[in-house]
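Pasted below: target-v1.txt, compact mmCIF, C-alpha atoms.
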```
# COMPACT_ATOMS: atom_id res chain seq x y z
CA ASN M 8 -2.57 -9.82 -15.94
CA ARG M 9 -2.89 -11.55 -19.29
CA GLY M 10 0.07 -13.17 -20.98
CA GLU M 11 1.83 -16.20 -22.40
CA ALA M 12 2.48 -17.40 -18.87
CA GLY M 13 0.95 -16.38 -15.57
CA ALA M 14 2.40 -13.97 -13.04
CA ILE M 15 5.66 -15.86 -12.39
CA PHE M 16 7.82 -17.86 -14.84
CA VAL M 17 10.66 -19.99 -13.45
CA ARG M 18 13.46 -21.32 -15.67
CA GLU M 19 16.37 -23.21 -14.11
CA GLY M 20 15.72 -21.87 -10.63
CA GLN M 21 14.19 -22.49 -7.21
CA ILE M 22 11.14 -20.67 -5.92
CA SER M 23 9.09 -20.37 -2.74
CA VAL M 24 5.72 -18.60 -2.77
CA SER M 25 3.51 -18.20 0.28
CA ASN M 26 0.72 -16.01 1.62
CA SER M 27 0.05 -14.57 -1.84
CA CYS M 28 -3.03 -14.15 -4.03
CA PHE M 29 -3.50 -14.70 -7.77
CA LEU M 30 -6.69 -13.14 -9.06
CA SER M 31 -8.44 -12.53 -12.40
CA SER M 32 -5.42 -13.51 -14.52
CA VAL M 33 -5.28 -15.25 -17.89
CA SER M 34 -2.51 -17.59 -19.07
CA SER M 35 -2.82 -18.01 -22.83
CA GLY M 36 0.24 -20.14 -23.68
CA LEU M 37 1.81 -21.87 -20.69
CA PRO M 38 -0.26 -23.36 -17.87
CA GLY M 39 -0.29 -22.06 -14.32
CA MET M 40 -0.25 -18.72 -12.60
CA ILE M 41 3.21 -19.91 -11.58
CA PHE M 42 5.00 -21.91 -14.31
CA ILE M 43 8.05 -23.94 -13.28
CA ASP M 44 10.13 -25.61 -15.98
CA GLU M 45 11.59 -29.12 -15.80
CA ASP M 46 14.98 -27.85 -14.62
CA SER M 47 13.50 -25.84 -11.73
CA GLN M 48 12.18 -26.67 -8.29
CA SER M 49 9.35 -25.46 -6.08
CA LEU M 50 10.47 -25.31 -2.45
CA GLN M 51 7.26 -23.92 -1.02
CA ASN M 52 3.65 -23.36 -2.10
CA ALA M 53 1.90 -22.46 1.14
CA ALA M 54 -1.21 -20.47 2.08
CA ASN M 55 -1.64 -19.09 -1.44
CA PHE M 56 -5.06 -18.23 -2.87
CA GLY M 57 -6.42 -18.13 -6.41
CA SER M 58 -9.74 -16.96 -7.86
CA GLN M 59 -11.18 -16.20 -11.31
CA ASN M 60 -7.98 -17.22 -13.10
CA THR M 61 -8.15 -18.75 -16.57
CA ALA M 62 -5.85 -21.05 -18.56
CA ILE M 63 -6.70 -20.83 -22.26
CA ASP M 64 -4.85 -23.92 -23.46
CA GLU M 65 -4.40 -27.49 -22.25
CA PRO M 66 -3.21 -28.67 -19.83
CA SER M 67 -5.57 -26.48 -17.84
CA CYS M 68 -3.92 -25.37 -14.61
CA VAL M 69 -4.61 -22.09 -12.84
CA GLU M 70 -2.36 -22.66 -9.83
CA MET M 71 1.29 -23.79 -9.64
CA PHE M 72 2.33 -25.89 -12.65
CA THR M 73 5.57 -27.91 -12.75
CA GLU M 74 6.68 -29.18 -16.14
CA THR M 75 7.73 -32.84 -16.26
CA ASP M 76 9.03 -33.48 -19.77
CA GLY M 77 10.63 -30.24 -20.96
CA SER M 78 8.24 -29.67 -23.85
CA CYS M 79 5.95 -26.85 -22.73
CA VAL M 80 7.96 -23.89 -24.00
CA GLU M 81 9.07 -25.55 -27.25
CA ASP M 82 5.79 -27.31 -28.02
CA PRO M 83 2.83 -26.27 -25.82
CA GLU M 84 0.58 -28.87 -27.46
CA GLU M 85 2.77 -31.64 -26.01
CA CYS M 86 3.05 -29.99 -22.60
CA SER M 87 2.65 -32.18 -19.54
CA GLY M 88 3.28 -31.71 -15.85
CA ASP M 89 1.82 -31.53 -12.37
CA CYS M 90 -0.62 -28.91 -11.12
CA ALA M 91 -0.29 -28.10 -7.40
CA PRO M 92 -3.34 -26.36 -5.90
CA PHE M 93 -3.33 -23.24 -3.78
CA SER M 94 -4.39 -24.15 -0.26
CA SER M 95 -5.79 -20.93 1.18
CA LYS M 96 -9.57 -20.41 1.14
CA GLU M 97 -9.40 -16.62 1.13
CA CYS M 98 -7.14 -13.80 0.07
CA GLY M 99 -7.23 -12.13 3.45
CA LEU M 100 -6.62 -8.60 2.23
CA LEU M 101 -8.11 -5.48 3.72
CA PRO M 102 -11.81 -5.14 2.88
CA PRO M 103 -12.89 -2.63 0.24
CA SER M 104 -13.93 0.83 1.31
CA PRO M 105 -17.66 1.27 1.97
CA ALA M 106 -19.85 2.18 -0.98
CA PRO M 107 -20.14 5.94 -1.51
CA SER M 108 -23.20 7.75 -0.25
CA GLU M 109 -25.95 8.38 -2.78
CA VAL M 110 -26.08 11.94 -1.49
CA PRO M 111 -22.57 13.47 -1.53
CA SER M 112 -21.55 15.60 1.40
CA GLU M 113 -21.54 19.34 0.81
CA VAL M 114 -18.35 19.53 2.87
CA PRO M 115 -15.68 17.13 1.56
CA SER M 116 -13.58 15.31 4.09
CA PHE M 117 -9.90 16.23 4.35
CA VAL M 118 -9.06 13.04 6.21
CA PRO M 119 -8.18 10.00 4.05
CA SER M 120 -9.97 6.71 4.62
CA GLN M 121 -8.35 4.52 7.25
CA VAL M 122 -9.37 1.43 5.24
CA PRO M 123 -7.88 1.59 1.73
CA SER M 124 -9.63 -0.23 -1.08
CA TRP M 125 -8.14 -3.64 -1.90
CA LYS M 126 -9.06 -3.32 -5.57
CA PRO M 127 -7.04 -1.19 -8.04
CA SER M 128 -8.81 1.71 -9.67
CA GLN M 129 -10.38 0.92 -13.03
CA THR M 130 -8.86 4.19 -14.26
CA PRO M 131 -5.20 4.07 -13.20
CA SER M 132 -3.26 7.24 -12.55
CA TYR M 133 -1.45 8.64 -15.58
CA SER M 134 1.33 9.99 -13.42
CA PRO M 135 3.05 6.96 -11.87
CA SER M 136 6.10 7.55 -9.75
CA LEU M 137 9.27 7.41 -11.84
CA SER M 138 11.60 7.51 -8.87
CA VAL M 139 14.05 4.65 -8.46
CA LEU M 140 14.96 5.74 -4.93
CA PRO M 141 13.57 4.03 -1.82
CA SER M 142 10.68 5.75 -0.07
CA SER M 143 11.31 7.68 3.13
CA ALA M 144 10.02 4.61 4.98
CA GLY M 145 12.85 2.49 3.57
CA CYS M 146 10.55 0.26 1.52
CA ILE M 147 9.78 0.12 -2.20
CA ASN M 148 6.66 1.76 -3.59
CA SER M 149 6.93 1.61 -7.39
CA TRP M 150 7.40 -1.10 -10.01
CA ASN M 151 10.36 0.51 -11.79
CA GLN M 152 12.05 1.08 -8.43
CA LEU M 153 11.67 -2.62 -7.62
CA SER M 154 12.93 -3.60 -11.08
CA ALA M 155 16.03 -1.40 -10.80
CA ALA M 156 16.80 -2.63 -7.30
CA ILE M 157 16.57 -6.30 -8.26
CA ALA M 158 18.65 -5.74 -11.41
CA ALA M 159 21.46 -4.33 -9.26
CA VAL M 160 21.56 -7.13 -6.68
CA ASP M 161 24.66 -9.32 -6.57
CA ASP M 162 24.75 -13.06 -5.99
CA SER M 163 24.82 -12.69 -2.22
CA GLY M 164 21.12 -11.84 -2.49
CA GLU M 165 18.88 -9.32 -0.79
CA ASP M 166 15.42 -8.88 0.74
CA PHE M 167 13.10 -6.39 -0.98
CA ILE M 168 10.18 -5.04 1.03
CA ILE M 169 7.24 -3.46 -0.79
CA CYS M 170 5.56 -0.72 1.25
CA PRO M 171 2.16 -1.73 2.69
CA ASN M 172 -0.87 -0.50 0.70
CA THR M 173 1.21 -0.16 -2.49
CA ILE M 174 -0.43 -0.72 -5.88
CA MET M 175 2.00 -1.27 -8.77
CA ASN M 176 0.58 -0.87 -12.28
CA VAL M 177 2.87 -2.88 -14.57
CA ASP M 178 1.15 -1.47 -17.69
CA PHE M 179 3.00 1.80 -17.21
CA PHE M 180 6.36 0.08 -17.72
CA PRO M 181 6.32 -1.98 -20.97
CA ASP M 182 10.09 -1.58 -21.48
CA PRO M 183 11.55 -5.13 -21.58
CA ASP M 184 14.41 -3.90 -19.39
CA VAL M 185 11.82 -3.20 -16.67
CA THR M 186 9.05 -5.78 -17.22
CA PRO M 187 9.04 -8.63 -16.50
CA ILE M 188 11.42 -8.27 -13.59
CA VAL M 189 14.14 -10.86 -14.22
CA ILE M 190 15.72 -12.38 -11.12
CA SER M 191 19.05 -14.00 -11.97
CA ALA M 192 20.74 -13.81 -8.56
CA ASN M 193 20.42 -16.21 -5.64
CA ASN M 194 18.76 -15.60 -2.27
CA VAL M 195 16.27 -12.92 -3.35
CA THR M 196 13.11 -12.31 -1.33
CA VAL M 197 10.27 -10.02 -2.43
CA GLN M 198 7.66 -9.47 0.25
CA CYS M 199 4.77 -7.21 1.21
CA GLY M 200 5.58 -5.18 4.30
CA ALA M 201 7.90 -6.16 7.10
CA THR M 202 5.81 -9.23 7.95
CA GLY M 203 5.30 -10.48 4.37
CA THR M 204 1.57 -11.12 4.78
CA LYS M 205 -1.43 -10.57 2.51
CA ALA M 206 -2.99 -8.22 5.07
CA ASN M 207 -0.32 -5.63 4.20
CA ASN M 208 -2.17 -5.13 0.91
CA CYS M 209 0.48 -5.03 -1.84
CA VAL M 210 -0.96 -5.34 -5.36
CA VAL M 211 0.87 -5.98 -8.66
CA PHE M 212 -1.46 -5.83 -11.66
CA GLY M 213 -1.49 -5.48 -15.43
CA GLY M 214 1.19 -6.49 -17.92
CA ASN M 215 1.81 -9.90 -19.49
CA ARG M 216 4.20 -11.43 -16.97
CA HIS M 217 5.38 -9.99 -13.68
CA PHE M 218 8.51 -11.94 -12.69
CA GLN M 219 10.91 -14.30 -14.46
CA ILE M 220 13.35 -16.40 -12.44
CA ASP M 221 16.27 -17.22 -14.69
CA GLY M 222 19.90 -18.30 -14.85
CA ASP M 223 19.95 -21.15 -12.32
CA SER M 224 18.77 -18.85 -9.52
CA ARG M 225 18.31 -20.45 -6.13
CA ASP M 226 16.20 -19.62 -3.08
CA ILE M 227 13.83 -17.04 -4.64
CA LYS M 228 10.92 -16.21 -2.35
CA PHE M 229 7.66 -14.25 -2.64
CA PHE M 230 5.58 -13.51 0.44
CA GLY M 231 2.23 -11.78 0.79
CA ILE M 232 1.79 -10.26 -2.69
CA ARG M 233 -1.46 -10.04 -4.63
CA PHE M 234 -1.00 -10.67 -8.38
CA VAL M 235 -3.83 -9.51 -10.66
```
structure tokens encoding of this file:
Amino acid sequence: NRGEAGAIFVREGQISVSNSCFLSSVSSGLPGMIFIDEDSQSLQNAANFGSQNTAIDEPSCVEMFTETDGSCVEDPEECSGDCAPFSSKECGLLPPSPAPSEVPSEVPSFVPSQVPSWKPSQTPSYSPSLSVLPSSAGCINSWNQLSAAIAAVDDSGEDFIICPNTIMNVDFFPDPDVTPIVISANNVTVQCGATGTKANNCVVFGGNRHFQIDGDSRDIKFFGIRFV
């Protein structure tokens, strides 16, 4: 993704992020793939991985940035804070599918690959799912479905499970009511698969900002998601 802030922006809230990946993203205004303002708190930054991320402006931080003087949003040139590194040495997702044969088979296979590619297609589908109903597996498999579900949660909180091997293209949903997904309730968890690990292969890519934690929200958690 490429935007004013990285994948996650936290304002007056608490956040925990673990077992997630942040790859090939650009933050052009605020530092960090995760930006946490002075009135917020990071409860966990564990086993996360980052690679090929870029911060355009100073202070240069491409991991988790916590503001210390409350100036970053109002005056980015006077921004200061602490940059906490991501500790994992690898993303740990499923490997990409093997390279295609130079000589195509005359009889195409009708059996899908058992090892899905970890990288989104360079030419995304032009027919994304518009359903806001859970999949038959009881998990969430589209960005607008996740956005609608989180918007409807009350302050008692809820756990949201993204279906394994789901790729969500945020570019298809530029409506500000859908993107970024604003979390203003407490006790919200967004995770990849039932185990919340990177190996479940959930990818969120595109757009300018993926999530915004707002309104004094507490105990917001992300587990096992790959942000691109």
Worksheet entry | Atomic separation - atom CA of Glu84 of chain M relative to atom CA of Phe234 of chain M, Å |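 Separation between atom CA of Phe234 of chain M and atom CA of Glu84 of chain M: 26.4 Å.
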Report as a tab-separated table the residues of segment 35-97 of chain M within 10 Å of segment 214-228 of chain M, each with its shortest atom pair and distance in Å (one decimal), using only C-alpha atoms, ordered by chain and increasing residue number.
```
residue	atom	partner	partner_atom	distance
M:Ser35	CA	M:Asn215	CA	9.9
M:Met40	CA	M:Arg216	CA	9.6
M:Ile41	CA	M:Phe218	CA	9.6
M:Phe42	CA	M:Gln219	CA	9.6
M:Ile43	CA	M:Ile220	CA	9.3
M:Asp46	CA	M:Asp223	CA	8.7
M:Ser47	CA	M:Asp223	CA	8.0
M:Gln48	CA	M:Arg225	CA	9.0
M:Ser49	CA	M:Asp226	CA	9.5
M:Leu50	CA	M:Asp226	CA	8.1
M:Gln51	CA	M:Lys228	CA	8.6
```
Worksheet item: Pick from M:Ser23, M:Asn148, M:Ser154, M:Thr202: nearest to Asp182 of chain M, with all atoms listed in the file counted?
Response: M:Ser154
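Counting all atoms listed in the file and comparing M:Glu19, M:Ser34, M:Asn207, M:Asn55, the residue that lies closest to Gly77 of chain M is M:Glu19.
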Fill in: Point-to-point distance from atom CA of Pro183 of chain M to atom CA of Phe212 of chain M, Å rounded to tenths
16.4 Å
Practice prompt. Would you kindly return, as a ChimeraX atom specification, each protein, DNA or RNA residue with an atom no farther than 7 Å from any atom of Pro171 of chain M, considering all atoms listed in the file and excluding same-chain residues fewer than 5 positions away?
Written response: /M:199-200,207-209
Around all the atoms of segment 183-187 of chain M listed in the file, draw an axis-aligned box and extend it by 6 Å on each of the six sides; I want its centre and edge lengths in Å to one decimal, as AutoDock Vina command-line options.
```
--center_x 11.7 --center_y -5.9 --center_z -19.0 --size_x 17.4 --size_y 17.4 --size_z 17.1
```
Item to complete: Could you tell me how far atom CA of Gly231 of chain M lies from atom CA of Glu97 of chain M, in Å and to one decimal?
Response: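 Distance reported for this atom pair: 12.6 Å.
Around Phe180 of chain M, within 10 Å and counting all atoms listed in the file, the residues found are M:Pro135, M:Leu137, M:Trp150, M:Asn151, M:Asn176, M:Asp184, M:Val185, M:Thr186, M:Pro187, M:Gly213, M:Gly214, once anything fewer than 4 positions away on its own chain is removed.
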Practice prompt. Could you give me, as a ChimeraX atom specification, the residues that sit within 6 Å of (-0.8, -19.3, 0.5) in the file's coordinates, counting all atoms listed in the file?
Written response: /M:25-27,53-56,95
Fill in: Distance criterion (all atoms listed in the file): nearest to Ala14 of chain M out of M:Ile188, M:Ala91, M:Val195, M:Ala201
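When distances to Ala14 of chain M are compared using all atoms listed in the file, the smallest one comes from M:Ile188.
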Discussion item. Here is a test: counting all atoms listed in the file, which residue of M:Ala159, M:Val197, M:Cys90, M:Met175 is nearest to Pro38 of chain M?
Written reply: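 Under the stated criterion, the closest residue is M:Cys90.
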